[in-house]
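This is coords.cif (mmCIF, C-alpha atoms).
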```cif
data_final
#
loop_
_atom_site.group_PDB
_atom_site.id
_atom_site.type_symbol
_atom_site.label_atom_id
_atom_site.label_comp_id
_atom_site.auth_asym_id
_atom_site.auth_seq_id
_atom_site.Cartn_x
_atom_site.Cartn_y
_atom_site.Cartn_z
ATOM 1 C CA MET A 1 151.168 297.952 3.775
ATOM 2 C CA LYS A 2 148.170 299.938 4.847
ATOM 3 C CA LYS A 3 145.230 297.734 5.744
ATOM 4 C CA PRO A 4 141.907 298.616 4.138
ATOM 5 C CA ARG A 5 138.991 299.788 6.216
ATOM 6 C CA ILE A 6 136.422 297.005 6.430
ATOM 7 C CA LEU A 7 132.742 297.914 6.671
ATOM 8 C CA ILE A 8 130.395 295.136 7.777
ATOM 9 C CA ARG A 9 126.619 295.295 7.702
ATOM 10 C CA LEU A 10 125.493 293.198 10.625
ATOM 11 C CA SER A 11 121.957 293.089 9.268
ATOM 12 C CA ASP A 12 123.194 291.453 6.056
ATOM 13 C CA VAL A 13 124.982 288.740 7.991
ATOM 14 C CA ILE A 14 121.966 288.058 10.189
ATOM 15 C CA HIS A 15 119.611 288.011 7.208
ATOM 16 C CA ARG A 16 121.943 285.625 5.405
ATOM 17 C CA ALA A 17 122.022 283.276 8.369
ATOM 18 C CA LEU A 18 118.256 283.361 8.792
ATOM 19 C CA ALA A 19 117.592 282.895 5.092
ATOM 20 C CA ARG A 20 119.661 279.747 5.086
ATOM 21 C CA GLY A 21 118.374 278.469 8.395
ATOM 22 C CA LEU A 22 121.876 278.112 9.784
ATOM 23 C CA PRO A 23 122.586 277.394 13.449
ATOM 24 C CA THR A 24 123.655 280.266 15.692
ATOM 25 C CA TRP A 25 127.344 279.327 15.673
ATOM 26 C CA ARG A 26 127.472 279.939 11.927
ATOM 27 C CA GLU A 27 126.235 283.486 12.417
ATOM 28 C CA LYS A 28 129.196 284.072 14.708
ATOM 29 C CA VAL A 29 131.616 282.479 12.257
ATOM 30 C CA SER A 30 130.321 284.659 9.415
ATOM 31 C CA LEU A 31 131.368 287.852 11.148
ATOM 32 C CA GLY A 32 134.888 286.609 11.807
ATOM 33 C CA VAL A 33 135.222 285.096 8.357
ATOM 34 C CA ILE A 34 134.376 288.350 6.563
ATOM 35 C CA VAL A 35 136.807 290.466 8.579
ATOM 36 C CA LEU A 36 139.728 288.068 8.728
ATOM 37 C CA ALA A 37 139.560 286.754 5.207
ATOM 38 C CA THR A 38 139.287 290.165 3.584
ATOM 39 C CA LEU A 39 142.550 291.111 5.246
ATOM 40 C CA ILE A 40 144.111 287.778 4.309
ATOM 41 C CA ALA A 41 143.145 288.119 0.655
ATOM 42 C CA ILE A 42 145.178 291.328 0.459
ATOM 43 C CA ALA A 43 148.014 290.692 2.886
ATOM 44 C CA LEU A 44 148.794 287.068 2.123
ATOM 45 C CA LEU A 45 149.377 287.648 -1.570
ATOM 46 C CA ASN A 46 152.634 289.319 -0.530
ATOM 47 C CA PRO A 47 155.679 287.556 0.931
ATOM 48 C CA ILE A 48 156.033 287.359 4.702
ATOM 49 C CA ARG A 49 158.206 290.239 5.846
ATOM 50 C CA GLU A 50 158.586 289.402 9.528
ATOM 51 C CA SER A 51 162.088 289.869 10.933
ATOM 52 C CA ASP A 52 161.959 286.283 12.234
ATOM 53 C CA PRO A 53 160.718 283.944 9.458
ATOM 54 C CA MET A 54 160.219 281.032 11.853
ATOM 55 C CA GLU A 55 158.062 283.150 14.158
ATOM 56 C CA ALA A 56 156.024 284.348 11.166
ATOM 57 C CA GLU A 57 155.464 280.743 10.104
ATOM 58 C CA ARG A 58 154.384 279.804 13.617
ATOM 59 C CA LYS A 59 151.845 282.634 13.666
ATOM 60 C CA ALA A 60 150.458 281.415 10.342
ATOM 61 C CA GLY A 61 150.206 277.857 11.691
ATOM 62 C CA TRP A 62 152.708 276.391 9.227
ATOM 63 C CA VAL A 63 154.084 272.929 9.999
ATOM 64 C CA THR A 64 157.148 272.525 7.784
ATOM 65 C CA ASN A 65 159.193 269.776 9.454
ATOM 66 C CA CYS A 66 157.291 266.751 8.062
ATOM 67 C CA SER A 67 159.205 263.987 6.300
ATOM 68 C CA GLY A 68 158.645 260.332 5.598
ATOM 69 C CA PRO A 69 156.739 258.121 3.158
ATOM 70 C CA GLU A 70 153.365 259.764 3.805
ATOM 71 C CA PHE A 71 154.803 263.124 2.723
ATOM 72 C CA ALA A 72 156.873 261.833 -0.211
ATOM 73 C CA LYS A 73 154.505 263.383 -2.763
ATOM 74 C CA PHE A 74 155.902 266.835 -1.982
ATOM 75 C CA SER A 75 159.269 266.015 -0.397
ATOM 76 C CA GLN A 76 162.397 267.927 -1.296
ATOM 77 C CA THR A 77 165.310 266.042 -2.824
ATOM 78 C CA ASN A 78 168.893 267.076 -2.304
ATOM 79 C CA SER A 79 172.347 265.505 -2.422
ATOM 80 C CA ALA A 80 171.572 263.614 0.791
ATOM 81 C CA GLY A 81 168.388 262.130 -0.653
ATOM 82 C CA PRO A 82 164.719 262.850 0.056
ATOM 83 C CA GLY A 83 164.192 265.385 2.821
ATOM 84 C CA GLY A 84 161.231 267.133 4.402
ATOM 85 C CA THR A 85 158.215 268.428 2.595
ATOM 86 C CA SER A 86 158.687 271.602 0.577
ATOM 87 C CA ARG A 87 155.258 272.834 1.715
ATOM 88 C CA PRO A 88 153.529 273.545 5.026
ATOM 89 C CA VAL A 89 151.066 270.773 5.884
ATOM 90 C CA PHE A 90 147.620 271.140 7.484
ATOM 91 C CA LYS A 91 145.343 268.405 8.793
ATOM 92 C CA ILE A 92 141.686 269.346 8.361
ATOM 93 C CA SER A 93 140.352 265.826 8.883
ATOM 94 C CA ASP A 94 141.593 262.259 8.535
ATOM 95 C CA GLU A 95 140.527 262.411 4.884
ATOM 96 C CA LEU A 96 141.866 265.898 4.125
ATOM 97 C CA VAL A 97 145.525 266.652 4.853
ATOM 98 C CA LEU A 98 146.728 269.466 2.631
ATOM 99 C CA ALA A 99 150.288 270.293 1.614
ATOM 100 C CA VAL A 100 149.742 273.838 0.345
ATOM 101 C CA PRO A 101 152.321 275.754 -1.723
ATOM 102 C CA LYS A 102 153.640 278.779 0.118
ATOM 103 C CA ILE A 103 152.713 281.004 -2.817
ATOM 104 C CA ASN A 104 149.048 280.337 -1.949
ATOM 105 C CA ARG A 105 149.648 281.870 1.491
ATOM 106 C CA PRO A 106 147.991 279.238 3.691
ATOM 107 C CA TYR A 107 146.938 280.468 7.129
ATOM 108 C CA VAL A 108 145.372 278.868 10.202
ATOM 109 C CA GLY A 109 146.691 281.170 12.921
ATOM 110 C CA ASP A 110 148.352 279.885 16.070
ATOM 111 C CA ILE A 111 147.834 276.181 16.649
ATOM 112 C CA GLU A 112 147.892 274.394 19.986
ATOM 113 C CA ARG A 113 151.139 272.549 19.453
ATOM 114 C CA PHE A 114 153.811 271.957 16.870
ATOM 115 C CA PRO A 115 155.042 268.372 16.484
ATOM 116 C CA ARG A 116 158.671 267.938 17.509
ATOM 117 C CA LYS A 117 158.945 265.321 14.848
ATOM 118 C CA CYS A 118 156.506 264.921 12.013
ATOM 119 C CA ARG A 119 156.964 261.509 10.472
ATOM 120 C CA THR A 120 153.337 260.526 9.889
ATOM 121 C CA ILE A 121 150.052 262.285 9.291
ATOM 122 C CA GLY A 122 149.071 261.239 12.822
ATOM 123 C CA ASP A 123 151.777 263.559 14.212
ATOM 124 C CA LEU A 124 150.044 266.621 12.818
ATOM 125 C CA PRO A 125 147.818 268.771 15.045
ATOM 126 C CA LYS A 126 144.317 269.255 13.694
ATOM 127 C CA ALA A 127 143.725 272.656 12.137
ATOM 128 C CA PRO A 128 140.356 274.181 13.083
ATOM 129 C CA TYR A 129 140.207 275.808 9.642
ATOM 130 C CA LEU A 130 142.490 276.716 6.749
ATOM 131 C CA TYR A 131 142.610 279.854 4.624
ATOM 132 C CA PHE A 132 144.469 280.066 1.335
ATOM 133 C CA VAL A 133 144.423 282.331 -1.714
ATOM 134 C CA VAL A 134 143.901 281.275 -5.334
ATOM 135 C CA GLN A 135 144.883 283.659 -8.120
ATOM 136 C CA GLY A 136 143.238 282.913 -11.462
ATOM 137 C CA ASN A 137 142.691 284.583 -14.815
ATOM 138 C CA TRP A 138 138.947 284.096 -15.195
ATOM 139 C CA SER A 139 138.309 287.743 -16.067
ATOM 140 C CA GLY A 140 140.757 287.639 -18.981
ATOM 141 C CA ASN A 141 141.921 291.023 -20.221
ATOM 142 C CA TYR A 142 140.156 293.796 -18.341
ATOM 143 C CA ASP A 143 140.617 297.527 -18.064
ATOM 144 C CA PRO A 144 142.478 298.256 -14.786
ATOM 145 C CA SER A 145 140.706 301.613 -14.662
ATOM 146 C CA ASP A 146 137.434 299.724 -14.092
ATOM 147 C CA ILE A 147 138.648 298.685 -10.620
ATOM 148 C CA PRO A 148 137.239 301.196 -8.114
ATOM 149 C CA LEU A 149 139.607 303.090 -5.858
ATOM 150 C CA GLN A 150 139.535 303.677 -2.121
ATOM 151 C CA ASP A 151 141.959 306.183 -0.576
ATOM 152 C CA GLY A 152 143.842 306.195 -3.869
ATOM 153 C CA ARG A 153 144.323 302.409 -3.900
ATOM 154 C CA LYS A 154 142.542 299.749 -5.882
ATOM 155 C CA LYS A 155 139.856 298.166 -3.690
ATOM 156 C CA PHE A 156 140.511 294.618 -4.896
ATOM 157 C CA LEU A 157 142.522 292.421 -7.232
ATOM 158 C CA PRO A 158 140.239 290.654 -9.737
ATOM 159 C CA ASP A 159 140.299 286.845 -9.617
ATOM 160 C CA ALA A 160 142.160 286.754 -6.283
ATOM 161 C CA VAL A 161 139.911 284.312 -4.440
ATOM 162 C CA THR A 162 140.115 283.696 -0.704
ATOM 163 C CA VAL A 163 139.155 280.180 0.387
ATOM 164 C CA ARG A 164 138.327 278.847 3.836
ATOM 165 C CA VAL A 165 137.833 275.137 4.420
ATOM 166 C CA GLU A 166 137.068 273.409 7.709
ATOM 167 C CA GLN A 167 135.624 270.162 8.959
ATOM 168 C CA ASP A 168 131.906 270.550 9.475
ATOM 169 C CA PRO A 169 131.109 269.775 13.131
ATOM 170 C CA PRO A 170 128.244 267.406 13.909
ATOM 171 C CA THR A 171 124.924 269.190 14.082
ATOM 172 C CA ARG A 172 123.123 269.487 17.417
ATOM 173 C CA LEU A 173 119.775 269.755 15.698
ATOM 174 C CA SER A 174 117.309 266.892 15.863
ATOM 175 C CA ILE A 175 116.115 265.243 12.644
ATOM 176 C CA GLU A 176 112.856 267.182 12.851
ATOM 177 C CA ASP A 177 114.704 270.461 13.423
ATOM 178 C CA GLN A 178 116.905 269.743 10.399
ATOM 179 C CA ARG A 179 113.795 269.147 8.308
ATOM 180 C CA GLU A 180 112.295 272.400 9.541
ATOM 181 C CA VAL A 181 115.496 274.253 8.588
ATOM 182 C CA ALA A 182 115.315 272.683 5.116
ATOM 183 C CA ARG A 183 111.669 273.735 4.770
ATOM 184 C CA THR A 184 112.536 277.295 5.796
ATOM 185 C CA VAL A 185 115.413 277.473 3.328
ATOM 186 C CA ASN A 186 113.258 276.106 0.501
ATOM 187 C CA LYS A 187 110.408 278.490 1.332
ATOM 188 C CA THR A 188 112.775 281.448 1.374
ATOM 189 C CA TRP A 189 114.297 280.368 -1.914
ATOM 190 C CA ASP A 190 110.857 280.015 -3.555
ATOM 191 C CA GLU A 191 110.219 283.674 -2.729
ATOM 192 C CA HIS A 192 113.254 284.863 -4.708
ATOM 193 C CA LEU A 193 112.396 286.955 -7.747
ATOM 194 C CA ASP A 194 113.518 286.767 -11.378
ATOM 195 C CA GLN A 195 114.915 283.231 -11.137
ATOM 196 C CA HIS A 196 117.070 282.237 -14.090
ATOM 197 C CA ASP A 197 119.838 279.806 -15.027
ATOM 198 C CA VAL A 198 123.479 280.881 -15.009
ATOM 199 C CA ASP A 199 125.714 278.057 -16.183
ATOM 200 C CA GLY A 200 123.740 275.456 -14.248
ATOM 201 C CA LEU A 201 123.141 277.600 -11.177
ATOM 202 C CA ILE A 202 119.625 278.883 -10.524
ATOM 203 C CA CYS A 203 119.872 282.517 -9.472
ATOM 204 C CA GLY A 204 117.179 284.813 -8.127
ATOM 205 C CA ARG A 205 117.004 288.258 -6.604
ATOM 206 C CA ASP A 206 116.507 288.524 -2.871
ATOM 207 C CA PRO A 207 113.103 290.178 -2.314
ATOM 208 C CA PHE A 208 114.363 291.809 0.895
ATOM 209 C CA MET A 209 117.223 293.651 -0.811
ATOM 210 C CA ARG A 210 116.830 296.717 -2.994
ATOM 211 C CA PRO A 211 120.061 297.152 -4.909
ATOM 212 C CA HIS A 212 121.084 300.330 -6.662
ATOM 213 C CA PRO A 213 119.812 300.386 -10.265
ATOM 214 C CA ARG A 214 123.394 300.046 -11.524
ATOM 215 C CA ASP A 215 124.141 297.209 -9.090
ATOM 216 C CA GLN A 216 124.281 293.906 -10.919
ATOM 217 C CA GLY A 217 124.619 292.027 -7.648
ATOM 218 C CA GLY A 218 121.948 291.190 -5.104
ATOM 219 C CA LEU A 219 121.468 287.649 -6.407
ATOM 220 C CA TRP A 220 121.355 284.352 -4.559
ATOM 221 C CA CYS A 221 122.370 281.278 -6.538
ATOM 222 C CA GLN A 222 122.312 277.569 -5.875
ATOM 223 C CA GLY A 223 122.729 274.304 -7.735
ATOM 224 C CA HIS A 224 124.607 271.005 -7.704
ATOM 225 C CA ARG A 225 128.339 271.527 -7.683
ATOM 226 C CA THR A 226 128.595 269.081 -10.588
ATOM 227 C CA PRO A 227 125.790 267.147 -12.323
ATOM 228 C CA SER A 228 126.835 263.884 -10.614
ATOM 229 C CA ASP A 229 127.683 265.307 -7.174
ATOM 230 C CA PRO A 230 125.244 265.571 -4.225
ATOM 231 C CA ASP A 231 126.852 268.805 -3.018
ATOM 232 C CA ILE A 232 124.767 271.959 -3.409
ATOM 233 C CA ILE A 233 126.804 275.103 -3.965
ATOM 234 C CA ARG A 234 125.217 278.297 -2.648
ATOM 235 C CA LEU A 235 126.501 281.792 -3.270
ATOM 236 C CA SER A 236 125.468 285.432 -3.257
ATOM 237 C CA THR A 237 126.622 288.316 -5.438
ATOM 238 C CA LYS A 238 127.367 292.016 -5.008
ATOM 239 C CA SER A 239 128.783 294.511 -7.467
ATOM 240 C CA PHE A 240 128.293 298.041 -6.048
ATOM 241 C CA GLY A 241 127.907 299.437 -9.560
ATOM 242 C CA SER A 242 131.343 298.334 -10.862
ATOM 243 C CA PRO A 243 131.825 296.050 -13.903
ATOM 244 C CA PHE A 244 133.071 293.356 -11.499
ATOM 245 C CA VAL A 245 130.933 291.158 -9.288
ATOM 246 C CA LEU A 246 131.783 289.838 -5.822
ATOM 247 C CA LEU A 247 130.983 286.132 -5.509
ATOM 248 C CA ASP A 248 130.523 284.853 -1.955
ATOM 249 C CA ALA A 249 130.092 281.060 -1.742
ATOM 250 C CA ASP A 250 129.182 279.203 1.457
ATOM 251 C CA TYR A 251 128.150 275.538 1.461
ATOM 252 C CA GLU A 252 128.574 272.140 3.062
ATOM 253 C CA SER A 253 130.133 269.197 1.262
ATOM 254 C CA SER A 254 129.830 265.471 1.857
ATOM 255 C CA HIS A 255 133.434 264.990 0.732
ATOM 256 C CA TYR A 256 136.474 264.474 2.939
ATOM 257 C CA GLY A 257 134.534 263.415 6.011
ATOM 258 C CA LYS A 258 132.076 266.307 5.557
ATOM 259 C CA ILE A 259 133.612 269.743 5.269
ATOM 260 C CA HIS A 260 132.376 273.327 4.992
ATOM 261 C CA VAL A 261 133.689 275.474 2.167
ATOM 262 C CA TYR A 262 133.671 279.255 1.924
ATOM 263 C CA TRP A 263 135.216 281.241 -0.907
ATOM 264 C CA TRP A 264 134.839 284.784 -2.215
ATOM 265 C CA GLY A 265 136.495 287.082 -4.708
ATOM 266 C CA TRP A 266 135.857 289.641 -7.434
ATOM 267 C CA THR A 267 135.570 288.564 -11.058
ATOM 268 C CA SER A 268 134.131 289.953 -14.277
ATOM 269 C CA ASP A 269 131.087 287.663 -14.559
ATOM 270 C CA LEU A 270 128.876 285.503 -12.372
ATOM 271 C CA ALA A 271 129.243 282.783 -15.025
ATOM 272 C CA HIS A 272 132.809 282.224 -13.751
ATOM 273 C CA ALA A 273 131.491 280.820 -10.456
ATOM 274 C CA ARG A 274 131.659 277.183 -11.547
ATOM 275 C CA GLU A 275 135.156 277.639 -13.011
ATOM 276 C CA ILE A 276 136.404 279.124 -9.754
ATOM 277 C CA ASP A 277 134.761 276.437 -7.632
ATOM 278 C CA LEU A 278 136.168 273.668 -9.855
ATOM 279 C CA ALA A 279 139.659 275.174 -9.634
ATOM 280 C CA ILE A 280 139.444 275.158 -5.824
ATOM 281 C CA TRP A 281 138.342 271.529 -5.696
ATOM 282 C CA ASN A 282 141.040 270.501 -8.163
ATOM 283 C CA LEU A 283 143.628 272.063 -5.853
ATOM 284 C CA LEU A 284 142.187 270.262 -2.804
ATOM 285 C CA ALA A 285 142.553 266.960 -4.661
ATOM 286 C CA GLU A 286 146.053 267.839 -5.880
ATOM 287 C CA TRP A 287 147.326 268.945 -2.472
ATOM 288 C CA ASN A 288 145.684 266.192 -0.415
ATOM 289 C CA LEU A 289 148.012 263.637 1.184
ATOM 290 C CA ALA A 290 145.215 261.444 2.559
ATOM 291 C CA SER A 291 142.664 259.288 0.799
ATOM 292 C CA GLU A 292 139.001 260.124 0.614
ATOM 293 C CA PRO A 293 136.675 257.159 1.360
ATOM 294 C CA ALA A 294 135.250 255.575 -1.764
ATOM 295 C CA THR A 295 131.695 255.950 -0.429
ATOM 296 C CA ARG A 296 130.506 259.356 0.709
ATOM 297 C CA PRO A 297 127.237 260.336 2.342
ATOM 298 C CA GLY A 298 124.627 260.799 -0.350
ATOM 299 C CA SER A 299 126.823 259.434 -3.141
ATOM 300 C CA GLU A 300 125.216 256.030 -3.410
#
```
Show the structure stored in the file as structure tokens.
Amino acid sequence: MKKPRILIRLSDVIHRALARGLPTWREKVSLGVIVLATLIAIALLNPIRESDPMEAERKAGWVTNCSGPEFAKFSQTNSAGPGGTSRPVFKISDELVLAVPKINRPYVGDIERFPRKCRTIGDLPKAPYLYFVVQGNWSGNYDPSDIPLQDGRKKFLPDAVTVRVEQDPPTRLSIEDQREVARTVNKTWDEHLDQHDVDGLICGRDPFMRPHPRDQGGLWCQGHRTPSDPDIIRLSTKSFGSPFVLLDADYESSHYGKIHVYWWGWTSDLAHAREIDLAIWNLLAEWNLASEPATRPGSE
């Protein structure tokens, strides 16, 4: 399958990092995330076609030889009794160990080592990050002709959402530096224009961007992930004049030992953002083989 040509505006990435007051390492991650995940969103929706399936699984970072009580939730049963897990397993943190269905095309790339035997969660190597794809139906019935073409091919598949989750490393910033970052973010946000509510998210137009008159994107949105949750979801939108809008979410979470969540995909309406985010978190809970601590930072 022909890979699409990816165009990246470095200035957008830098502006995004500065607007959020993110440390330098996040700026570097953003570049890699955009390139890699755009390819993954297209390629990983199709079955692996490598001549050697085991080698293809190794390249994707799949660990598929886990069996035992800790993996019983997704173990295969045959005439000989319970066997190994039917899904590749990925350890993001001690609180987040995901057994992801193959249809969701999980991907971490090459990992340092594969366990000879995987009998407990402790045998798993730690994955630096995990990509997977979620296909939903949030746009409902849409006109396929509304999807723009590039080189005769449709540029995207609506409601195919690429997700990246990773453990958030400890910050190297001092308490005062963290407060200064928060002040900068809040000041930048206060300067956004035309602020309005979209299904519980407050969205405003970036004063530094001048979108095309037909472009319904160019918004920055933020708000609590759920009314009772301390997490703040942050996302931006782009549409490039099409009836669909690209949602690009990027935020930290206090759950699962503190993780960072990125997801992006095209859908028919910004109002679907909360539905998409909820679907992702429901899958994390469903696939998780570990237990999240009862008390999380900021949840008291």
Name the residues captured by the PyMOL selection byres ((chain A and resi 89-105) around 6) when it is applied to the shown file; answer as a PDB file with C-alpha atoms, in the coordinates of the input.
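What follows is the written file result.pdb:
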```
ATOM      1  CA  LEU A  44     148.794 287.068   2.123  1.00  0.00           C
ATOM      2  CA  VAL A  63     154.084 272.929   9.999  1.00  0.00           C
ATOM      3  CA  ARG A  87     155.258 272.834   1.715  1.00  0.00           C
ATOM      4  CA  PRO A  88     153.529 273.545   5.026  1.00  0.00           C
ATOM      5  CA  PRO A 106     147.991 279.238   3.691  1.00  0.00           C
ATOM      6  CA  LYS A 126     144.317 269.255  13.694  1.00  0.00           C
ATOM      7  CA  ALA A 127     143.725 272.656  12.137  1.00  0.00           C
ATOM      8  CA  PHE A 132     144.469 280.066   1.335  1.00  0.00           C
ATOM      9  CA  VAL A 133     144.423 282.331  -1.714  1.00  0.00           C
ATOM     10  CA  TYR A 256     136.474 264.474   2.939  1.00  0.00           C
ATOM     11  CA  TRP A 287     147.326 268.945  -2.472  1.00  0.00           C
ATOM     12  CA  ASN A 288     145.684 266.192  -0.415  1.00  0.00           C
ATOM     13  CA  LEU A 289     148.012 263.637   1.184  1.00  0.00           C
ATOM     14  CA  ALA A 290     145.215 261.444   2.559  1.00  0.00           C
ATOM     15  CA  SER A 291     142.664 259.288   0.799  1.00  0.00           C
ATOM     16  CA  GLU A 292     139.001 260.124   0.614  1.00  0.00           C
TER      17      GLU A 292
END
```
Give as a PDB file with C-alpha atoms, in the frame of the given file the residues that the PyMOL selection byres ((chain A and resi 276-279) around 10) matches when applied to the coordinates above.
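Saved the output as part11.pdb:
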```
ATOM      1  CA  VAL A 134     143.901 281.275  -5.334  1.00  0.00           C
ATOM      2  CA  GLN A 135     144.883 283.659  -8.120  1.00  0.00           C
ATOM      3  CA  GLY A 136     143.238 282.913 -11.462  1.00  0.00           C
ATOM      4  CA  ASN A 137     142.691 284.583 -14.815  1.00  0.00           C
ATOM      5  CA  TRP A 138     138.947 284.096 -15.195  1.00  0.00           C
ATOM      6  CA  ASP A 159     140.299 286.845  -9.617  1.00  0.00           C
ATOM      7  CA  VAL A 161     139.911 284.312  -4.440  1.00  0.00           C
ATOM      8  CA  VAL A 163     139.155 280.180   0.387  1.00  0.00           C
ATOM      9  CA  ARG A 225     128.339 271.527  -7.683  1.00  0.00           C
ATOM     10  CA  THR A 226     128.595 269.081 -10.588  1.00  0.00           C
ATOM     11  CA  ILE A 233     126.804 275.103  -3.965  1.00  0.00           C
ATOM     12  CA  LEU A 247     130.983 286.132  -5.509  1.00  0.00           C
ATOM     13  CA  ALA A 249     130.092 281.060  -1.742  1.00  0.00           C
ATOM     14  CA  VAL A 261     133.689 275.474   2.167  1.00  0.00           C
ATOM     15  CA  TRP A 263     135.216 281.241  -0.907  1.00  0.00           C
ATOM     16  CA  TRP A 264     134.839 284.784  -2.215  1.00  0.00           C
ATOM     17  CA  GLY A 265     136.495 287.082  -4.708  1.00  0.00           C
ATOM     18  CA  THR A 267     135.570 288.564 -11.058  1.00  0.00           C
ATOM     19  CA  ALA A 271     129.243 282.783 -15.025  1.00  0.00           C
ATOM     20  CA  HIS A 272     132.809 282.224 -13.751  1.00  0.00           C
ATOM     21  CA  ALA A 273     131.491 280.820 -10.456  1.00  0.00           C
ATOM     22  CA  ARG A 274     131.659 277.183 -11.547  1.00  0.00           C
ATOM     23  CA  GLU A 275     135.156 277.639 -13.011  1.00  0.00           C
ATOM     24  CA  ILE A 280     139.444 275.158  -5.824  1.00  0.00           C
ATOM     25  CA  TRP A 281     138.342 271.529  -5.696  1.00  0.00           C
ATOM     26  CA  ASN A 282     141.040 270.501  -8.163  1.00  0.00           C
ATOM     27  CA  LEU A 283     143.628 272.063  -5.853  1.00  0.00           C
ATOM     28  CA  LEU A 284     142.187 270.262  -2.804  1.00  0.00           C
TER      29      LEU A 284
END
```
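Checking A:Ser254, A:Ile147, A:Leu219, A:Phe244 one by one against Ile232 of chain A, counting only C-alpha atoms, you find the shortest gap at A:Ser254.
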By how many Å are atom CA of Phe114 of chain A and atom CA of Cys66 of chain A apart? 10.8 Å
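Every residue that the PyMOL selection byres ((chain A and resi 107) around 6) selects in this file is listed here: Ala60, Pro106, Val108, Gly109, Leu130 and Tyr131 of chain A.
For the set A:Cys118, A:Leu246, A:Ile202, A:Ile175, the residue with the smallest atom-to-atom gap to Lys155 of chain A is A:Leu246, counting only C-alpha atoms.
Across A:Ile111, A:Thr85, A:Ala72, A:Pro158, the tightest approach to Asn141 of chain A is made by A:Pro158 when counting all atoms listed in the file.
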